[in-house]
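K.L.:
Structure file structure.txt (compact mmCIF, C-alpha atoms and all ligand atoms) is given on the next line.
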```
# COMPACT_ATOMS: atom_id res chain seq x y z
CA MET A 1 5.27 -25.37 -7.57
CA LEU A 2 7.23 -26.35 -4.48
CA ILE A 3 10.49 -24.49 -4.49
CA LYS A 4 13.24 -26.03 -2.48
CA ARG A 5 16.74 -24.79 -2.76
CA PRO A 6 18.37 -27.80 -4.41
CA LYS A 7 21.87 -28.71 -3.37
CA ASP A 8 24.26 -28.13 -6.19
CA ILE A 9 26.01 -31.11 -7.63
CA LEU A 10 29.76 -30.58 -7.64
CA SER A 11 31.01 -30.82 -11.21
CA SER A 12 33.82 -33.06 -9.96
CA GLU A 13 31.20 -35.67 -8.99
CA ILE A 14 29.77 -35.84 -12.47
CA THR A 15 30.84 -38.44 -14.99
CA ASP A 16 29.73 -36.91 -18.22
CA GLU A 17 28.74 -38.97 -21.22
CA SER A 18 31.90 -38.34 -23.26
CA VAL A 19 34.16 -39.27 -20.35
CA TYR A 20 31.96 -42.30 -19.75
CA LEU A 21 32.19 -43.41 -23.38
CA LYS A 22 35.96 -43.02 -23.45
CA ARG A 23 36.26 -45.06 -20.27
CA ARG A 24 34.02 -47.71 -21.77
CA GLN A 25 36.15 -47.86 -24.94
CA LEU A 26 39.24 -48.34 -22.80
CA LEU A 27 37.53 -51.15 -20.90
CA MET A 28 36.55 -52.82 -24.17
CA MET A 29 40.07 -52.46 -25.57
CA ALA A 30 41.44 -53.93 -22.35
CA GLY A 31 38.98 -56.79 -22.79
CA ILE A 32 40.20 -57.50 -26.31
CA ALA A 33 43.88 -57.25 -25.34
CA ALA A 34 43.65 -59.38 -22.21
CA THR A 35 43.30 -63.13 -22.21
CA GLY A 36 41.16 -65.76 -20.48
CA VAL A 37 39.47 -64.85 -17.26
CA PHE A 38 40.57 -61.23 -17.42
CA ALA A 39 38.89 -60.57 -20.73
CA GLY A 40 35.71 -62.18 -19.42
CA GLN A 41 35.74 -60.01 -16.31
CA SER A 42 36.13 -56.73 -18.11
CA VAL A 43 33.25 -57.55 -20.44
CA VAL A 44 31.07 -58.37 -17.45
CA ALA A 45 32.06 -55.11 -15.80
CA THR A 46 31.18 -53.15 -18.93
CA GLU A 47 27.77 -54.85 -19.09
CA ALA A 48 27.16 -54.07 -15.43
CA VAL A 49 27.93 -50.38 -15.95
CA ASP A 50 25.56 -50.36 -18.92
CA SER A 51 22.67 -52.16 -17.28
CA GLY A 52 21.22 -49.00 -15.70
CA ARG A 53 20.71 -47.46 -19.11
CA GLY A 54 18.11 -48.32 -21.72
CA ARG A 55 18.53 -49.83 -25.17
CA VAL A 56 20.52 -47.86 -27.76
CA LEU A 57 18.08 -46.50 -30.36
CA PRO A 58 18.84 -47.39 -33.99
CA ALA A 59 19.51 -44.97 -36.87
CA VAL A 60 19.13 -41.64 -35.10
CA LYS A 61 19.73 -38.73 -37.47
CA LYS A 62 21.17 -35.36 -36.47
CA SER A 63 19.06 -32.23 -36.74
CA HIS A 64 19.85 -28.63 -37.60
CA TYR A 65 17.42 -27.64 -34.84
CA SER A 66 19.97 -28.76 -32.21
CA THR A 67 21.86 -26.18 -30.17
CA SER A 68 25.64 -26.31 -30.28
CA GLN A 69 25.71 -25.79 -26.49
CA GLU A 70 27.33 -28.53 -24.44
CA PRO A 71 24.65 -30.93 -23.12
CA ASN A 72 24.32 -31.64 -19.40
CA SER A 73 25.74 -34.96 -18.24
CA TRP A 74 23.70 -38.17 -18.21
CA SER A 75 23.78 -37.95 -14.45
CA ASP A 76 22.33 -34.39 -14.34
CA VAL A 77 19.58 -35.26 -16.80
CA THR A 78 18.52 -38.48 -15.05
CA SER A 79 18.92 -37.62 -11.38
CA TYR A 80 17.51 -34.08 -11.11
CA ASN A 81 13.91 -34.34 -12.28
CA ASN A 82 10.40 -33.00 -11.84
CA TYR A 83 7.84 -35.82 -12.04
CA TYR A 84 5.26 -35.57 -9.28
CA GLU A 85 3.80 -39.00 -10.14
CA PHE A 86 6.96 -40.35 -8.50
CA GLY A 87 7.41 -37.78 -5.72
CA THR A 88 8.03 -34.05 -5.35
CA GLY A 89 11.77 -34.10 -4.55
CA LYS A 90 14.26 -33.70 -7.39
CA GLU A 91 15.83 -37.10 -6.67
CA ASP A 92 12.52 -38.91 -6.05
CA PRO A 93 11.65 -39.70 -9.69
CA ALA A 94 14.89 -41.63 -10.34
CA ARG A 95 14.53 -43.56 -7.09
CA ASN A 96 10.79 -44.23 -7.18
CA SER A 97 10.37 -45.08 -10.86
CA LYS A 98 12.89 -47.94 -10.90
CA ASP A 99 10.20 -50.63 -11.04
CA PHE A 100 7.88 -48.81 -13.45
CA ASN A 101 7.49 -50.87 -16.62
CA PRO A 102 6.59 -48.65 -19.61
CA ARG A 103 5.78 -51.65 -21.85
CA PRO A 104 3.36 -52.56 -23.27
CA TRP A 105 2.13 -49.01 -23.88
CA SER A 106 -0.72 -47.55 -25.86
CA VAL A 107 -2.01 -44.07 -26.50
CA ALA A 108 -5.75 -43.32 -26.86
CA VAL A 109 -6.32 -40.79 -29.65
CA LYS A 110 -9.68 -39.00 -29.44
CA GLY A 111 -11.74 -36.01 -30.45
CA ALA A 112 -11.76 -33.90 -33.62
CA CYS A 113 -9.87 -36.20 -35.99
CA ASP A 114 -10.65 -38.78 -38.64
CA LYS A 115 -8.34 -41.52 -37.34
CA PRO A 116 -9.09 -41.89 -33.61
CA GLY A 117 -8.26 -45.14 -31.81
CA ASN A 118 -5.83 -46.92 -29.56
CA TYR A 119 -2.35 -46.89 -31.00
CA ASN A 120 0.35 -49.02 -29.48
CA TYR A 121 3.83 -47.64 -28.93
CA GLU A 122 5.45 -49.57 -31.78
CA ASP A 123 2.78 -48.47 -34.29
CA LEU A 124 3.25 -44.87 -33.25
CA VAL A 125 7.05 -44.86 -33.46
CA SER A 126 8.20 -47.39 -36.06
CA PRO A 127 7.03 -45.57 -39.23
CA HIS A 128 9.25 -42.59 -38.35
CA VAL A 129 12.93 -41.70 -38.54
CA LEU A 130 14.27 -40.80 -35.08
CA GLU A 131 16.06 -37.47 -34.71
CA GLU A 132 18.42 -36.17 -32.10
CA ARG A 133 17.35 -32.72 -30.86
CA ILE A 134 19.69 -31.03 -28.41
CA TYR A 135 17.43 -28.48 -26.75
CA ARG A 136 17.60 -26.10 -23.82
CA LEU A 137 15.10 -26.87 -21.07
CA ARG A 138 14.02 -23.98 -18.83
CA CYS A 139 11.99 -24.92 -15.77
CA VAL A 140 9.55 -22.34 -14.37
CA GLU A 141 11.49 -22.74 -11.09
CA ALA A 142 14.39 -20.81 -12.74
CA TRP A 143 16.89 -23.61 -13.36
CA SER A 144 17.93 -24.93 -16.78
CA MET A 145 19.67 -27.76 -18.59
CA VAL A 146 20.68 -28.70 -22.13
CA ILE A 147 19.35 -32.15 -23.06
CA PRO A 148 20.06 -34.34 -26.11
CA TRP A 149 16.56 -35.75 -26.73
CA VAL A 150 15.75 -38.36 -29.36
CA GLY A 151 12.30 -38.23 -30.88
CA ILE A 152 9.89 -37.58 -33.71
CA PRO A 153 8.47 -34.19 -34.73
CA LEU A 154 5.00 -34.18 -33.15
CA ALA A 155 3.57 -32.83 -36.43
CA SER A 156 4.55 -36.06 -38.25
CA ILE A 157 2.66 -38.17 -35.70
CA ILE A 158 -0.36 -35.85 -35.50
CA LYS A 159 -0.84 -35.78 -39.30
CA ARG A 160 -1.48 -39.52 -39.22
CA PHE A 161 -4.55 -38.93 -36.99
CA GLU A 162 -6.01 -36.54 -39.59
CA PRO A 163 -7.25 -33.74 -37.32
CA ASN A 164 -10.27 -31.92 -38.77
CA SER A 165 -11.25 -28.22 -38.82
CA ASP A 166 -12.63 -28.41 -35.23
CA ALA A 167 -9.15 -29.32 -33.94
CA LYS A 168 -8.05 -25.96 -32.52
CA TYR A 169 -6.14 -27.44 -29.58
CA VAL A 170 -4.38 -30.65 -28.60
CA ARG A 171 -4.77 -32.00 -25.07
CA PHE A 172 -2.39 -34.54 -23.57
CA LYS A 173 -2.86 -36.74 -20.50
CA THR A 174 -0.31 -38.75 -18.57
CA LEU A 175 -1.09 -42.35 -17.60
CA HIS A 176 -3.42 -42.46 -14.58
CA ASP A 177 -2.44 -45.49 -12.52
CA PRO A 178 -1.85 -44.88 -8.79
CA VAL A 179 -0.60 -48.47 -8.39
CA ARG A 180 2.26 -47.94 -10.85
CA MET A 181 2.68 -44.22 -10.13
CA PRO A 182 2.73 -43.94 -6.33
CA GLY A 183 2.75 -40.12 -6.34
CA GLN A 184 -0.81 -40.24 -7.71
CA ARG A 185 -1.98 -41.57 -4.32
CA ARG A 186 -1.29 -38.12 -2.87
CA ARG A 187 -3.25 -35.05 -3.88
CA THR A 188 -0.22 -32.93 -4.84
CA LEU A 189 -1.97 -32.20 -8.16
CA GLY A 190 -5.27 -33.25 -9.75
CA TRP A 191 -4.49 -36.51 -11.58
CA PRO A 192 -3.84 -37.40 -14.29
CA TYR A 193 -1.37 -34.66 -15.26
CA GLU A 194 -2.80 -32.78 -18.25
CA GLU A 195 -1.33 -30.31 -20.68
CA GLY A 196 -2.37 -28.59 -23.88
CA LEU A 197 -1.12 -26.71 -26.93
CA THR A 198 -2.77 -24.82 -29.76
CA ILE A 199 -2.80 -26.89 -32.94
CA GLU A 200 -0.26 -24.44 -34.43
CA GLU A 201 2.10 -24.98 -31.49
CA ALA A 202 1.64 -28.74 -31.73
CA MET A 203 2.45 -28.69 -35.47
CA HIS A 204 5.50 -26.42 -35.07
CA PRO A 205 8.70 -28.15 -36.30
CA LEU A 206 10.45 -27.64 -32.93
CA THR A 207 7.76 -29.57 -31.02
CA LEU A 208 8.97 -33.07 -30.36
CA MET A 209 7.55 -36.37 -29.15
CA ALA A 210 10.62 -37.67 -27.32
CA VAL A 211 11.26 -41.39 -26.96
CA GLY A 212 14.88 -41.21 -25.84
CA LEU A 213 17.87 -39.19 -24.70
CA TYR A 214 21.61 -39.59 -25.14
CA GLY A 215 20.86 -42.02 -27.99
CA ARG A 216 19.01 -44.44 -25.71
CA GLU A 217 15.41 -45.19 -24.77
CA LEU A 218 13.93 -42.67 -22.32
CA PRO A 219 14.69 -43.46 -18.69
CA ASN A 220 11.54 -43.82 -16.57
CA GLN A 221 12.26 -40.65 -14.61
CA ASN A 222 12.33 -38.63 -17.86
CA GLY A 223 8.86 -39.81 -18.92
CA ALA A 224 9.17 -43.23 -20.56
CA PRO A 225 8.09 -44.38 -22.98
CA MET A 226 7.09 -41.11 -24.67
CA ARG A 227 6.79 -37.49 -23.58
CA LEU A 228 6.34 -34.07 -25.13
CA ILE A 229 9.14 -31.52 -25.56
CA VAL A 230 8.20 -27.88 -26.25
CA PRO A 231 11.57 -26.13 -25.85
CA TRP A 232 10.34 -22.50 -25.90
CA LYS A 233 7.89 -23.06 -23.04
CA TYR A 234 8.46 -23.65 -19.34
CA GLY A 235 9.28 -27.30 -18.65
CA PHE A 236 5.91 -28.14 -17.10
CA LYS A 237 4.31 -28.02 -20.56
CA SER A 238 6.51 -30.97 -21.61
CA ILE A 239 4.22 -33.67 -20.23
CA LYS A 240 5.64 -37.13 -19.51
CA ALA A 241 4.35 -40.69 -20.07
CA ILE A 242 1.60 -39.70 -22.50
CA ALA A 243 -1.38 -42.07 -22.56
CA GLN A 244 -3.99 -39.88 -24.25
CA ILE A 245 -4.04 -37.29 -27.04
CA SER A 246 -7.29 -35.43 -27.87
CA PHE A 247 -8.12 -32.81 -30.46
CA THR A 248 -10.48 -30.19 -29.04
CA LYS A 249 -12.38 -27.09 -30.08
CA LYS A 250 -12.10 -25.55 -26.60
CA ARG A 251 -8.84 -24.58 -24.97
CA PRO A 252 -7.86 -27.32 -22.49
CA ARG A 253 -6.81 -26.43 -18.94
CA SER A 254 -3.55 -27.88 -17.72
CA SER A 255 -3.13 -29.45 -14.29
CA TRP A 256 -0.97 -26.54 -13.11
CA GLU A 257 -3.42 -23.98 -14.46
CA ARG A 258 -6.26 -25.69 -12.59
CA SER A 259 -4.36 -25.85 -9.32
CA ILE A 260 -2.86 -22.30 -9.30
CA PRO A 261 -4.34 -20.29 -12.21
CA GLU A 262 -2.82 -16.96 -11.16
CA GLU A 263 0.69 -18.48 -11.37
CA TYR A 264 0.55 -20.94 -14.29
CA GLY A 265 -1.18 -19.94 -17.51
CA PHE A 266 -2.00 -21.84 -20.68
CA TYR A 267 0.81 -20.41 -22.80
CA ALA A 268 3.71 -20.64 -20.34
CA ASN A 269 6.14 -19.26 -22.92
CA VAL A 270 9.56 -18.60 -21.41
CA ASN A 271 9.63 -14.83 -20.89
CA PRO A 272 12.32 -13.09 -18.81
CA SER A 273 10.26 -9.90 -18.55
CA VAL A 274 7.16 -11.49 -17.00
CA SER A 275 7.86 -12.48 -13.40
CA HIS A 276 6.29 -15.43 -11.69
CA PRO A 277 4.15 -13.93 -8.87
CA ARG A 278 6.67 -15.30 -6.36
CA TRP A 279 10.01 -14.83 -8.15
CA SER A 280 11.74 -13.18 -11.10
CA GLN A 281 12.16 -15.08 -14.37
CA ALA A 282 14.97 -12.79 -15.60
CA ARG A 283 17.76 -15.23 -14.76
CA GLU A 284 18.29 -18.95 -14.47
CA ARG A 285 20.62 -21.35 -12.71
CA PRO A 286 22.28 -23.81 -15.13
CA ILE A 287 22.31 -27.23 -13.46
CA GLY A 288 25.71 -28.91 -13.30
CA ALA A 289 27.70 -25.71 -13.74
CA GLY A 290 29.15 -26.12 -10.26
CA VAL A 291 28.53 -24.40 -6.94
CA PHE A 292 30.53 -21.30 -7.86
CA ALA A 293 28.92 -20.66 -11.25
CA GLY A 294 26.47 -17.80 -11.27
CA LYS A 295 23.04 -17.46 -12.80
CA LYS A 296 22.74 -16.49 -16.44
CA PRO A 297 20.15 -14.35 -18.23
CA THR A 298 17.03 -16.10 -19.45
CA LEU A 299 16.28 -15.56 -23.14
CA MET A 300 12.89 -14.70 -24.65
CA PHE A 301 11.17 -17.93 -25.73
CA ASN A 302 14.16 -19.71 -24.17
CA GLY A 303 16.32 -18.61 -27.12
CA TYR A 304 13.89 -19.91 -29.77
CA ALA A 305 12.31 -16.51 -30.60
CA ASP A 306 13.46 -16.54 -34.25
CA GLN A 307 11.54 -19.77 -34.81
CA VAL A 308 8.42 -19.24 -32.69
CA ALA A 309 7.71 -15.53 -32.07
CA SER A 310 5.46 -15.38 -35.16
CA LEU A 311 3.06 -17.84 -33.47
CA TYR A 312 2.15 -15.04 -31.02
CA THR A 313 1.90 -11.87 -33.13
CA GLY A 314 -0.85 -9.63 -31.81
CA LEU A 315 -1.04 -11.46 -28.48
CA ASP A 316 -0.35 -9.56 -25.23
CA LEU A 317 2.22 -11.89 -23.68
CA ARG A 318 1.82 -10.23 -20.29
CA LYS A 319 -1.87 -11.14 -20.16
CA ASN A 320 -1.46 -14.42 -22.00
CA TYR A 321 1.21 -15.82 -19.68
N1 LIG B 1 3.45 -36.14 -16.05
C1 LIG B 1 4.31 -35.19 -15.68
N2 LIG B 1 5.02 -34.53 -16.62
C2 LIG B 1 5.90 -33.56 -16.25
C3 LIG B 1 6.08 -33.22 -14.89
C4 LIG B 1 5.32 -33.94 -13.92
O1 LIG B 1 5.41 -33.71 -12.69
N3 LIG B 1 4.46 -34.92 -14.35
N4 LIG B 1 6.95 -32.20 -14.55
C5 LIG B 1 7.24 -31.19 -15.60
C6 LIG B 1 8.30 -30.24 -15.24
S1 LIG B 1 7.91 -29.06 -14.08
C7 LIG B 1 9.52 -30.24 -15.87
S2 LIG B 1 10.66 -29.02 -15.57
C8 LIG B 1 9.90 -31.32 -16.82
C9 LIG B 1 11.18 -31.98 -16.37
O2 LIG B 1 11.61 -32.94 -17.30
P1 LIG B 1 12.91 -33.81 -17.00
O3 LIG B 1 12.77 -34.36 -15.59
O4 LIG B 1 12.94 -34.88 -18.03
O5 LIG B 1 14.09 -32.88 -17.10
O6 LIG B 1 8.88 -32.33 -16.93
C10 LIG B 1 7.55 -31.85 -16.95
N5 LIG B 1 6.63 -32.92 -17.24
MO MO B 2 9.48 -27.44 -14.35
```
Would you mind writing the file out in structure tokens?
P.N.:
Amino acid sequence: MLIKRPKDILSSEITDESVYLKRRQLLMMAGIAATGVFAGQSVVATEAVDSGRGRVLPAVKKSHYSTSQEPNSWSDVTSYNNYYEFGTGKEDPARNSKDFNPRPWSVAVKGACDKPGNYNYEDLVSPHVLEERIYRLRCVEAWSMVIPWVGIPLASIIKRFEPNSDAKYVRFKTLHDPVRMPGQRRRTLGWPYEEGLTIEEAMHPLTLMAVGLYGRELPNQNGAPMRLIVPWKYGFKSIKAIAQISFTKKRPRSSWERSIPEEYGFYANVNPSVSHPRWSQARERPIGAGVFAGKKPTLMFNGYADQVASLYTGLDLRKNY
């Protein structure tokens, strides 16, 4: 992966979500208290501030799988991204995905299952209760964030496709459309982006199909309309804008594994004791902590060892990186 030294965002520049919400409440109260043209203006202003953010998702329930760590700000989460379909710079995805329209959307379900077919977004999502999952995200580039995703346990969605006994792995593909995803016109990776999990990893209760963050629909730069979240693996496993799901007997090869196999393996479990060939994975730089904050130690399985270590008993994690 291209490693540029990103410029730190000063924490004083960040309007975090709680500050933002308080400010919004004040604006609304001012709107109610004021009369005539003033009230009208403040409402307009509030709408204008809101217009850059997606629809609020209904009836999102809390989850005991969430970390109690403070989430990164809306601004961190939506302006510092990896999404090569919209450019390789951290600020490219937000800028270059503005006109991407993630609706209508459908996902092709194929392979070793009894209910293959084309499922549209609404059919996939509407039968399920949405959950908020505040997870740590650890990028293989040694930076990290805490993100309040909204989504559906992947297991609940997968069960509906009735995978059969040949379904040992699940392969995911991002939309392939170089007209709508301008980064796909350049050969930075083999397109479409592909990722894979074992069926056990896919069915694990921590594995999430995310459709939102901060209680709202997913912003384009974060992988609208739906993307995978596997919090104990390096971020590149959490594939965005999923257009195809297949159940396979053979282990799928991810885009990163194909392009640089000696650096990016199939498992990609966060592991502070296995270095990337070009840098150590022992520590990470929390995004948004400010220019003077130091790095902090990276945890085995990104801190989710209690929940997931049993998936890998008997496996040499140094060889199966
Ligand atoms: N399709 C696609 N999915 C992708 C990527 C990408 O370039 N294309 N980047 C990955 C990487 S390296 C990371 S760290 C996360 C970043 O997710 P975020 O931008 O929502 O924080 O998305 C992952 N999913
Ligand atoms: Mo990443």
K.L.:
Box along x, y and z, 4 Å on every side, all listed atoms of ligand LIG 1 (chain B) inside: centre and edge lengths in Å to one decimal, as JSON.
P.N.:
```
{"center_x": 8.8, "center_y": -32.6, "center_z": -15.4, "size_x": 18.6, "size_y": 15.1, "size_z": 13.3}
```
K.L.:
Taking only C-alpha atoms into account, name the residue in A:Leu206, A:Thr298, A:Tyr169, A:Trp279 that is nearest to Arg253 of chain A.
P.N.:
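Ranking A:Leu206, A:Thr298, A:Tyr169, A:Trp279 by distance to Arg253 of chain A, first place goes to A:Tyr169.
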K.L.:
Using only C-alpha atoms and all ligand atoms, which residues of chain A come within 7 Å of ligand LIG 1 (chain B), and what is the closest atom pair for each, with the distance in Å to one decimal? Give it as a tab-separated table, sorted by chain and residue number.
P.N.:
```
residue	atom	partner	partner_atom	distance
A:Val77	CA	B:LIG1	O5	6.0
A:Tyr80	CA	B:LIG1	O3	6.5
A:Asn81	CA	B:LIG1	O3	3.5
A:Asn82	CA	B:LIG1	N4	4.5
A:Tyr83	CA	B:LIG1	O1	3.3
A:Tyr84	CA	B:LIG1	O1	3.9
A:Glu85	CA	B:LIG1	N3	5.9
A:Arg138	CA	B:LIG1	S2	6.9
A:Cys139	CA	B:LIG1	S2	4.3
A:Val140	CA	B:LIG1	S2	6.9
A:Thr174	CA	B:LIG1	N1	5.2
A:Tyr193	CA	B:LIG1	N1	5.1
A:Gln221	CA	B:LIG1	O3	6.4
A:Asn222	CA	B:LIG1	O4	3.8
A:Gly223	CA	B:LIG1	O4	6.5
A:Tyr234	CA	B:LIG1	S2	6.9
A:Gly235	CA	B:LIG1	S2	3.8
A:Phe236	CA	B:LIG1	C5	3.6
A:Lys237	CA	B:LIG1	C10	6.2
A:Ser238	CA	B:LIG1	N5	4.8
A:Ile239	CA	B:LIG1	N2	3.8
A:Lys240	CA	B:LIG1	N2	3.9
A:Ala241	CA	B:LIG1	N1	6.1
```
K.L.:
Name the closest residue to ligand MO 2 (chain B) among the candidates A:Glu201, A:Glu141, A:Glu70, A:Glu131; distances are taken between atoms, counting only C-alpha atoms and all ligand atoms.
P.N.:
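Of A:Glu201, A:Glu141, A:Glu70, A:Glu131, the one nearest ligand MO 2 (chain B) is A:Glu141, counting only C-alpha atoms and all ligand atoms.
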K.L.:
Between A:Leu218, A:Ala94, A:Ile245, A:Leu175, which is the closest to Ile157 of chain A once you count all atoms listed in the file?
P.N.:
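That would be A:Ile245, the residue with the smallest distance to Ile157 of chain A.
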K.L.:
Kindly extract all protein, DNA and RNA residues lying within 10 Å of the coordinates (9.3, -45.3, -35.8) given in the file, considering all atoms listed in the file, and supply them as a PyMOL selection string.
P.N.:
chain A and resi 58+121-130+151-152+157+211
K.L.:
Go ahead and write the selection's residues with C-alpha atoms as a PDB file, in the coordinates of the input.
P.N.:
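The resulting file, out.pdb, is shown below:
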```pdb
ATOM      1  CA  PRO A  58      18.840 -47.390 -33.990  1.00  0.00           C
ATOM      2  CA  TYR A 121       3.830 -47.640 -28.930  1.00  0.00           C
ATOM      3  CA  GLU A 122       5.450 -49.570 -31.780  1.00  0.00           C
ATOM      4  CA  ASP A 123       2.780 -48.470 -34.290  1.00  0.00           C
ATOM      5  CA  LEU A 124       3.250 -44.870 -33.250  1.00  0.00           C
ATOM      6  CA  VAL A 125       7.050 -44.860 -33.460  1.00  0.00           C
ATOM      7  CA  SER A 126       8.200 -47.390 -36.060  1.00  0.00           C
ATOM      8  CA  PRO A 127       7.030 -45.570 -39.230  1.00  0.00           C
ATOM      9  CA  HIS A 128       9.250 -42.590 -38.350  1.00  0.00           C
ATOM     10  CA  VAL A 129      12.930 -41.700 -38.540  1.00  0.00           C
ATOM     11  CA  LEU A 130      14.270 -40.800 -35.080  1.00  0.00           C
ATOM     12  CA  GLY A 151      12.300 -38.230 -30.880  1.00  0.00           C
ATOM     13  CA  ILE A 152       9.890 -37.580 -33.710  1.00  0.00           C
ATOM     14  CA  ILE A 157       2.660 -38.170 -35.700  1.00  0.00           C
ATOM     15  CA  VAL A 211      11.260 -41.390 -26.960  1.00  0.00           C
TER      16      VAL A 211
END
```
K.L.:
Which is closer to ligand MO 2 (chain B) than all the others in A:Ile229, A:Ala305, A:Val109, A:Ile158, using only C-alpha atoms and all ligand atoms?
P.N.:
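Residue with the minimum atom-to-atom distance to ligand MO 2 (chain B): A:Ile229.
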K.L.:
Provide the atom CA of Ala293 of chain A to atom CA of Ala142 of chain A distance in Å, to one decimal place.
P.N.:
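Computing it gives 14.6 Å between the two atoms.
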K.L.:
Find the distance between atom CA of Ser254 of chain A and atom CA of Arg216 of chain A and write it in Å to one decimal.
P.N.:
29.1 Å
K.L.:
To one decimal place in Å, what is the distance between atom CA of Glu262 of chain A and atom CA of Arg278 of chain A?
P.N.:
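These atoms are spaced 10.8 Å apart.
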K.L.:
Of the residues A:Ser63, A:Val270, A:Lys250, A:Ser259, which is the one nearest to ligand MO 2 (chain B), using only C-alpha atoms and all ligand atoms?
P.N.:
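The answer is A:Val270, which sits nearest to ligand MO 2 (chain B).
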K.L.:
Give me the residues within 10 Å of Lys159 of chain A as a PDB file with C-alpha atoms, keeping the file's coordinate frame, counting all atoms listed in the file and dropping any in the same chain fewer than 6 places off.
P.N.:
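Produced file result-v8.pdb, reproduced below:
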```pdb
ATOM      1  CA  CYS A 113      -9.870 -36.200 -35.990  1.00  0.00           C
ATOM      2  CA  LYS A 115      -8.340 -41.520 -37.340  1.00  0.00           C
ATOM      3  CA  MET A 203       2.450 -28.690 -35.470  1.00  0.00           C
TER       4      MET A 203
END
```
K.L.:
Determine, counting only C-alpha atoms, which protein, DNA and RNA residues have an atom within 8 Å of an atom of segment 311-320 of chain A; residues of the same chain fewer than 6 positions away are not included. Present the result as number ranges by chain.
P.N.:
A: 200-201, 265-267, 274
K.L.:
For Asn269 of chain A, which residue among A:Val291, A:Leu299, A:Val146, A:Met209 is the nearest when counting only C-alpha atoms?
P.N.:
A:Leu299
